[in-house]
Amino acid sequence: MAGAALRILACGDVEGQLETLFGRVRAIQAKSGHFDMLLCVGNFFGSTSEAEWAEYRTGAKKAPIPTYVLGANDQETVSYFPDVSGCELAENITYLGRRGLYSGTSGLQIAYLSGTESQEEPAPAYSFSAKDVAELKTSLLSTPNFKGVDILLTSPWPRDVGSFGNSTGEIDARKCGSKLISDLAASLKPRYHFAALEKAYYERLPYRNHTVLQEGPQHVTRFIALADVGNTSKKKYLYAFSIVPMSLMDPAELVKQPQDVTENPYRKLQEEAQKTKASLRAEEEAACQFFFDLNKHQGKKRPSDGKESGNSQPKQPKKPPQLTGPCWFCLASPEVEKHLVVSVGTHCYLALAKGGLLPDHVLILPIGHYQSVVDLPPEVVEEVTKYKSALKEFFRSKGKRYVLFERNYRSQHLQLQVIPVPLDRCTSQDIKESFIAQAQEQQIELLEIPEYSDITQVARPGTPYFYVELDTGEKLFHRIRGRFPLHFGREVLASEALLSLPERSDWRRCAAGRDEEAAHARAFRRDFQAFEAELAARLSRQ
């Protein structure tokens, strides 16, 4: 389900320069067509606003577009806002109020918080306090199935908004702004967040609102700070955008993650808050002498330090899995089918896959015995990375992109399956969406790993998992907790949506004779020779 997009303008500090602002709005509408509303953050009024404002207040002049503004940020302009709950200030100009949620007939939801942060309680008329933020959060988060709001309007920046993101320029986001607004933004998960007051324009890279590998994908947030109207430095003070209310969007479309998405800048703030809560809970528990262990016989008590009587032994760490038989992939093993080997490095080697999905379906394998990528020592990881880079260049020279996957489940030796896909057949986005769609059909939770994260950060040695990596650097991960389809990776790539080779999804049905396999290996080795020489040069520089 999708609705019509709304066209919206957002503006920074107006400082009473209404003619400059509205003149610019008229010019934009004359050139680009009608906009539905104008949202103003920061100081709407200035110290010399009265004469210019009187023309709008009396109706002599009219704003060219429905305009919604935040309240005062200082004592001098408090008198312009007669009703703290919001009111019409002039025709087409509305004060939203001290805090709340504006819901339009379109379904668009705009959360707002007027003023600057105050430590006083109650806060002055031009400020907000921790209590104001808590009450606003409570009123919205208690809504059934709350997923976030479309837009958040605040005058100050949120503290630390630049963390994990692009540079904030001359503004030090670690010192300016409000921690309370950071907390509010983290909780309300706006799709757009606008702020002002710093006389600067800053558009942050979008950030994610979910914890990777712990929560399903959610929509991203875009933070935009705007400069003051008519500034002499010509910094951007008006921002135009289109938005479909999230209530009208297709859920899959809503949670799409853009290529440049980053970590949530307020993650540390949330972690600190969680630690504080955990500490308070621990203090409360420590105040109790005993508690009932519901996992034991009813009524039996145990001390609050968690130590039980008896001769129970401390839990031993789990030993790594032992090799249970001959390994088909340790290069020194007699079981290795050496006619399939196409390149040998210092720590790794390449071999064509037996029963490959395609003739150039290749495996990256460690020479020594390691079960998974997360078990590899640094020097092996480095060589694996260089092999991936060489294969990327090799396949690109043939008009292909590769897809790499690993299944650390019911396998003894690490096998990185590298399968080329023609560039003109499907995009990397098509491939990613196919994996996610087929995972959902089979109730497999396949989550995206952040761009600058590594699989070793999300999986420990011994953890069963399935892992996909595109040559764009995008990564998908599933932690296996029960049964898992052994041919899942091949099935996705063999599907009609990608390679259209469903009959080859099981390698056992793709067996070829030894002579045919050897011929494919010779052809691959010949074509890969130039890239192998460059790879050898890279390895010699290690």
# chains A, B, ... in the order shown; residues from 1 in each chain; ligands from 1
>>> residues_around(residues="Asp515 of chain A", least_positions_apart="6", cutoff="12 Å", atoms="only C-alpha atoms", output="list in words")
His339, Leu340, Ala521 and Arg522 of chain A
>>> closest_atom_pairs(of="segment 149-260 of chain A", to="segment 468-484 of chain A", cutoff="10 Å", atoms="only C-alpha atoms", output="tab-separated table")
residue	atom	partner	partner_atom	distance
A:Val212	CA	A:Phe477	CA	9.7
A:Leu213	CA	A:Phe477	CA	7.8
A:Gln259	CA	A:Glu474	CA	8.6
>>> write_last_selection(atoms="N, CA, C and O atoms", output="CSV table (one decimal), in the first residue's frame")
chain,number,residue,atom,x,y,z
A,212,VAL,N,21.8,-4.2,14.7
A,212,VAL,CA,22.0,-5.2,13.7
A,212,VAL,C,22.2,-6.5,14.4
A,212,VAL,O,22.9,-6.6,15.5
A,213,LEU,N,21.6,-7.6,13.9
A,213,LEU,CA,21.6,-9.0,14.4
A,213,LEU,C,20.8,-9.2,15.7
A,213,LEU,O,20.8,-10.3,16.2
A,259,GLN,N,22.8,2.9,0.8
A,259,GLN,CA,24.2,2.4,0.7
A,259,GLN,C,25.0,3.1,1.8
A,259,GLN,O,25.9,2.5,2.3
>>> select_by_dssp(residues="segment 196-262 of chain A", states="alpha helix (DSSP H)", output="list in words")
Pro251, Ala252, Glu253 and Leu254 of chain A
>>> write_last_selection(atoms="all heavy atoms", output="compact mmCIF listing (two decimals), in the first residue's frame")
# COMPACT_ATOMS: atom_id res chain seq x y z
N PRO A 251 5.70 -1.86 4.01
CA PRO A 251 6.70 -2.09 5.07
C PRO A 251 8.10 -2.38 4.52
O PRO A 251 9.09 -1.90 5.06
CB PRO A 251 6.14 -3.28 5.84
CG PRO A 251 4.66 -3.21 5.63
CD PRO A 251 4.49 -2.69 4.23
N ALA A 252 8.19 -3.17 3.46
CA ALA A 252 9.49 -3.51 2.89
C ALA A 252 10.18 -2.28 2.30
O ALA A 252 11.40 -2.11 2.40
CB ALA A 252 9.34 -4.58 1.82
N GLU A 253 9.38 -1.39 1.70
CA GLU A 253 9.93 -0.16 1.13
C GLU A 253 10.40 0.78 2.24
O GLU A 253 11.44 1.43 2.13
CB GLU A 253 8.86 0.53 0.27
CG GLU A 253 9.35 1.73 -0.51
CD GLU A 253 10.30 1.37 -1.64
OE1 GLU A 253 10.25 0.23 -2.12
OE2 GLU A 253 11.11 2.25 -2.00
N LEU A 254 9.64 0.82 3.33
CA LEU A 254 9.95 1.71 4.45
C LEU A 254 11.31 1.39 5.06
O LEU A 254 12.05 2.30 5.43
CB LEU A 254 8.85 1.62 5.51
CG LEU A 254 9.05 2.42 6.80
CD1 LEU A 254 9.06 3.92 6.51
CD2 LEU A 254 7.95 2.08 7.81
>>> closest_residue(among="A:Ala90, A:Phe394, A:Gln75, A:Ser49", to="Lys61 of chain A", atoms="only C-alpha atoms")
A:Ala90
>>> select_by_dssp(residues="segment 57-262 of chain A", states="strand (DSSP E or B)", output="number ranges by chain")
A: 67-69, 87-90, 93-95, 99-103, 109-113, 116-117, 127-128, 151-154, 158, 178, 192-195, 202-203, 207-208, 220-225, 238-243, 262
>>> write_last_selection(atoms="C-alpha atoms", output="PDB file, in the first residue's frame")
ATOM      1  CA  THR A  67       3.526  27.546   7.937  1.00  0.00           C
ATOM      2  CA  TYR A  68       4.166  25.730  11.242  1.00  0.00           C
ATOM      3  CA  VAL A  69       6.618  27.162  13.769  1.00  0.00           C
ATOM      4  CA  CYS A  87      -2.500  28.450  18.352  1.00  0.00           C
ATOM      5  CA  GLU A  88      -2.872  30.317  15.075  1.00  0.00           C
ATOM      6  CA  LEU A  89      -0.587  33.365  15.162  1.00  0.00           C
ATOM      7  CA  ALA A  90      -1.727  34.781  11.809  1.00  0.00           C
ATOM      8  CA  ILE A  93       1.025  30.719  10.348  1.00  0.00           C
ATOM      9  CA  THR A  94       0.511  28.290  13.234  1.00  0.00           C
ATOM     10  CA  TYR A  95       2.458  27.843  16.467  1.00  0.00           C
ATOM     11  CA  ARG A  99       5.567  19.813  22.831  1.00  0.00           C
ATOM     12  CA  GLY A 100       3.358  17.220  21.165  1.00  0.00           C
ATOM     13  CA  LEU A 101       2.415  15.448  17.956  1.00  0.00           C
ATOM     14  CA  TYR A 102       0.836  17.079  14.918  1.00  0.00           C
ATOM     15  CA  SER A 103      -1.129  14.623  12.763  1.00  0.00           C
ATOM     16  CA  GLN A 109       2.986  12.575  11.945  1.00  0.00           C
ATOM     17  CA  ILE A 110       5.204  15.440  13.135  1.00  0.00           C
ATOM     18  CA  ALA A 111       6.583  15.360  16.680  1.00  0.00           C
ATOM     19  CA  TYR A 112       7.826  18.689  18.037  1.00  0.00           C
ATOM     20  CA  LEU A 113       9.592  20.134  21.059  1.00  0.00           C
ATOM     21  CA  THR A 116      16.153  25.069  24.573  1.00  0.00           C
ATOM     22  CA  GLU A 117      17.236  22.587  27.240  1.00  0.00           C
ATOM     23  CA  SER A 127      12.799  25.955  27.570  1.00  0.00           C
ATOM     24  CA  PHE A 128      12.089  22.260  28.046  1.00  0.00           C
ATOM     25  CA  ILE A 151       9.305  14.133  11.235  1.00  0.00           C
ATOM     26  CA  LEU A 152      10.818  15.520  14.445  1.00  0.00           C
ATOM     27  CA  LEU A 153      11.197  19.306  14.886  1.00  0.00           C
ATOM     28  CA  THR A 154      13.504  20.758  17.549  1.00  0.00           C
ATOM     29  CA  PRO A 158      20.961  16.708  19.385  1.00  0.00           C
ATOM     30  CA  SER A 178      21.089  18.811  23.855  1.00  0.00           C
ATOM     31  CA  TYR A 192      13.541  13.270   9.246  1.00  0.00           C
ATOM     32  CA  HIS A 193      14.840  15.406  12.110  1.00  0.00           C
ATOM     33  CA  PHE A 194      15.277  19.159  11.594  1.00  0.00           C
ATOM     34  CA  ALA A 195      17.076  21.596  13.922  1.00  0.00           C
ATOM     35  CA  TYR A 202      24.622  20.141   8.044  1.00  0.00           C
ATOM     36  CA  GLU A 203      23.025  17.119   6.422  1.00  0.00           C
ATOM     37  CA  TYR A 207      21.589   6.356  10.370  1.00  0.00           C
ATOM     38  CA  ARG A 208      19.872   3.097  11.288  1.00  0.00           C
ATOM     39  CA  VAL A 220      16.543   5.125   8.776  1.00  0.00           C
ATOM     40  CA  THR A 221      16.706   8.685  10.130  1.00  0.00           C
ATOM     41  CA  ARG A 222      17.996  11.709   8.218  1.00  0.00           C
ATOM     42  CA  PHE A 223      19.131  14.632  10.371  1.00  0.00           C
ATOM     43  CA  ILE A 224      19.291  18.079   8.726  1.00  0.00           C
ATOM     44  CA  ALA A 225      20.420  21.262  10.462  1.00  0.00           C
ATOM     45  CA  LEU A 238      15.590  26.054   3.104  1.00  0.00           C
ATOM     46  CA  TYR A 239      15.333  22.310   2.493  1.00  0.00           C
ATOM     47  CA  ALA A 240      12.806  20.771   0.088  1.00  0.00           C
ATOM     48  CA  PHE A 241      11.791  17.114   0.262  1.00  0.00           C
ATOM     49  CA  SER A 242       8.960  14.717  -0.542  1.00  0.00           C
ATOM     50  CA  ILE A 243       7.624  12.167   1.927  1.00  0.00           C
ATOM     51  CA  THR A 262      25.719   4.477   9.386  1.00  0.00           C
TER      52      THR A 262
END
>>> residues_around(residues="Ser106 of chain A", least_positions_apart="5", cutoff="9 Å", atoms="only C-alpha atoms", output="list in words")
Gly3, Ala4, Leu6, Val244 and Pro245 of chain A
